[in-house]
Every structure is written in structure tokens, then in C-alpha cells.
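Here's the structure, in C-alpha cells; my notes come after.
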Amino acid sequence: MQQFYKFLKIIIPFSIVLFFVQYYLIETFFKNISFYYSTWSIYLFHLVVTLLSYSFLLFVNKTFADKTGFAFMGFSLIKMMASIVFLIPLLQSDLKSQIPDVSAFFIPYFLFLFFETFFAVRLISKQ
């Protein structure tokens, strides 16, 4: 549980800073573009999925420590599928250009993935 609290102490400020940076950039430089998803919904999705993923990794590490790497890869696949499901309404919409929306989603996706990978490697290397 202590590892999860350490993770929360870092992921929450990380998410807040990224959220405000992206919100500022969208409001300042992309005023003319109408985005399908709001910035807060994108970050809420990423934060919830990342917290679920890390919780699952901690559980696997505690019960089956030698399977933590496999759990990380498996949950990464589930995260990718969840992202596609999240984006289906956007992809089926009649928007002229979906590139700004996809970029607004996947830039934080990869930042959160990097963050999660860093903590997963630290978790695996402690074995």
C-alpha cells in the first residue's frame, strides 16, 4: 500500500501539470479547432487507467512476483484496447479533421505510458 501512495504522490501532480499545460496550449493556440473530447475527459481516462494498471501490477508483484513483467505487458494491451474503445465515437464522428483530437489523446497517452513504465521497471527491479 505504501508503494501505491508513493505512486499517487507523483502521478497526481504529474497529471495536474500536464493537464494545465495541454489546456493552456489548446486554449491559446488551437482556439479555432473544435475538439470532440474535452481535455479533462482525456486526462480522467488516462489517470484512471494508469491507477488501475499500477494497482494491478502491485497485486501481481505481491502474489506472483516473477510474473510482474508479463502482467505489465498484458495490461498494456488492455490499455491499448480501452483507448480504441474510448476513441470509437471520435472515429465515427463527422469531424472534418480528426488529427488534432487524436494528437490531444495520444500525446498524454505516451507520457502516461512512459511514467507507468518507469514505475513498473522500478517495481520489477526490486525483486
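Chains: A, B, ... in order of the C-alpha cells. Residues: from 1 per chain. Ligands: from 1, in order shown.
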I need the alpha helix (DSSP H) residues of chain A per DSSP on the backbone, written as number ranges by chain. A: 2-29, 39-63, 68-91, 99-125
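The protein and nucleic acid residues lying at most 10 Å from region 4-15 of chain A are Phe20, Val21, Tyr43, Leu44, His46, Leu47, Thr50, Leu51, Tyr54, Ser55, Leu58, Pro108, Leu111, Phe112, Phe115, Glu116 and Phe119 of chain A, with only C-alpha atoms considered and sequence neighbours fewer than 5 positions away removed.
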Requested write-out: N, CA, C and O atoms of the selected residues, as a tab-separated table (two decimals), in the first residue's frame:
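Below is the file that was written, selection07.tsv:
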chain	number	residue	atom	x	y	z
A	20	PHE	N	-2.90	21.11	-17.21
A	20	PHE	CA	-2.90	22.56	-17.38
A	20	PHE	C	-2.04	23.00	-18.55
A	20	PHE	O	-2.39	23.97	-19.24
A	21	VAL	N	-0.96	22.31	-18.81
A	21	VAL	CA	-0.13	22.64	-19.99
A	21	VAL	C	-0.93	22.40	-21.26
A	21	VAL	O	-0.99	23.26	-22.15
A	43	TYR	N	-7.75	13.37	-19.69
A	43	TYR	CA	-6.87	13.15	-18.54
A	43	TYR	C	-7.52	12.28	-17.48
A	43	TYR	O	-6.83	11.51	-16.81
A	44	LEU	N	-8.82	12.37	-17.32
A	44	LEU	CA	-9.51	11.49	-16.39
A	44	LEU	C	-9.36	10.03	-16.85
A	44	LEU	O	-9.06	9.15	-16.04
A	46	HIS	N	-6.97	8.73	-18.77
A	46	HIS	CA	-5.57	8.30	-18.60
A	46	HIS	C	-5.23	8.06	-17.13
A	46	HIS	O	-4.55	7.08	-16.81
A	47	LEU	N	-5.68	8.94	-16.26
A	47	LEU	CA	-5.37	8.79	-14.84
A	47	LEU	C	-6.02	7.53	-14.27
A	47	LEU	O	-5.37	6.76	-13.56
A	50	THR	N	-4.30	4.38	-15.67
A	50	THR	CA	-2.96	4.24	-15.10
A	50	THR	C	-3.01	3.79	-13.65
A	50	THR	O	-2.22	2.93	-13.24
A	51	LEU	N	-3.93	4.32	-12.88
A	51	LEU	CA	-4.07	3.89	-11.49
A	51	LEU	C	-4.52	2.43	-11.40
A	51	LEU	O	-4.01	1.67	-10.57
A	54	TYR	N	-1.41	0.25	-12.39
A	54	TYR	CA	-0.37	0.16	-11.35
A	54	TYR	C	-0.88	-0.64	-10.15
A	54	TYR	O	-0.11	-1.40	-9.55
A	55	SER	N	-2.16	-0.49	-9.80
A	55	SER	CA	-2.73	-1.29	-8.72
A	55	SER	C	-2.65	-2.78	-9.05
A	55	SER	O	-2.29	-3.60	-8.21
A	58	LEU	N	0.93	-3.95	-8.71
A	58	LEU	CA	1.29	-4.16	-7.31
A	58	LEU	C	0.72	-5.46	-6.77
A	58	LEU	O	1.39	-6.19	-6.05
A	108	PRO	N	-0.68	12.67	-24.40
A	108	PRO	CA	-0.69	12.30	-22.98
A	108	PRO	C	-0.65	10.78	-22.77
A	108	PRO	O	-0.07	10.30	-21.79
A	111	LEU	N	2.92	9.87	-22.66
A	111	LEU	CA	3.55	10.40	-21.46
A	111	LEU	C	3.17	9.57	-20.23
A	111	LEU	O	4.02	9.24	-19.40
A	112	PHE	N	1.89	9.21	-20.13
A	112	PHE	CA	1.46	8.36	-19.03
A	112	PHE	C	2.07	6.96	-19.15
A	112	PHE	O	2.43	6.35	-18.14
A	115	PHE	N	5.60	7.16	-17.91
A	115	PHE	CA	5.56	7.28	-16.46
A	115	PHE	C	5.29	5.91	-15.83
A	115	PHE	O	5.98	5.50	-14.90
A	116	GLU	N	4.30	5.21	-16.34
A	116	GLU	CA	3.94	3.90	-15.81
A	116	GLU	C	5.06	2.89	-16.04
A	116	GLU	O	5.35	2.06	-15.16
A	119	PHE	N	7.83	3.29	-13.42
A	119	PHE	CA	7.49	2.71	-12.13
A	119	PHE	C	7.41	1.19	-12.19
A	119	PHE	O	7.74	0.51	-11.21
Spatial neighbours of Gly74 (chain A), 12 Å, only C-alpha atoms, chain gap at least 5 places, as number ranges by chain: A: 53, 56-57, 60, 67-69, 79-81
Top pick for closest residue to Phe29 (chain A), considering A:Val85, A:Pro100, A:Ser93, A:Phe106 and counting only C-alpha atoms: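 When distances to Phe29 (chain A) are compared using only C-alpha atoms, the smallest one comes from A:Pro100.
Candidate residues A:Ile124, A:Lys31, A:Leu52, A:Ile88 were compared for distance to Ala65 (chain A), and the nearest is A:Ile124, using only C-alpha atoms.
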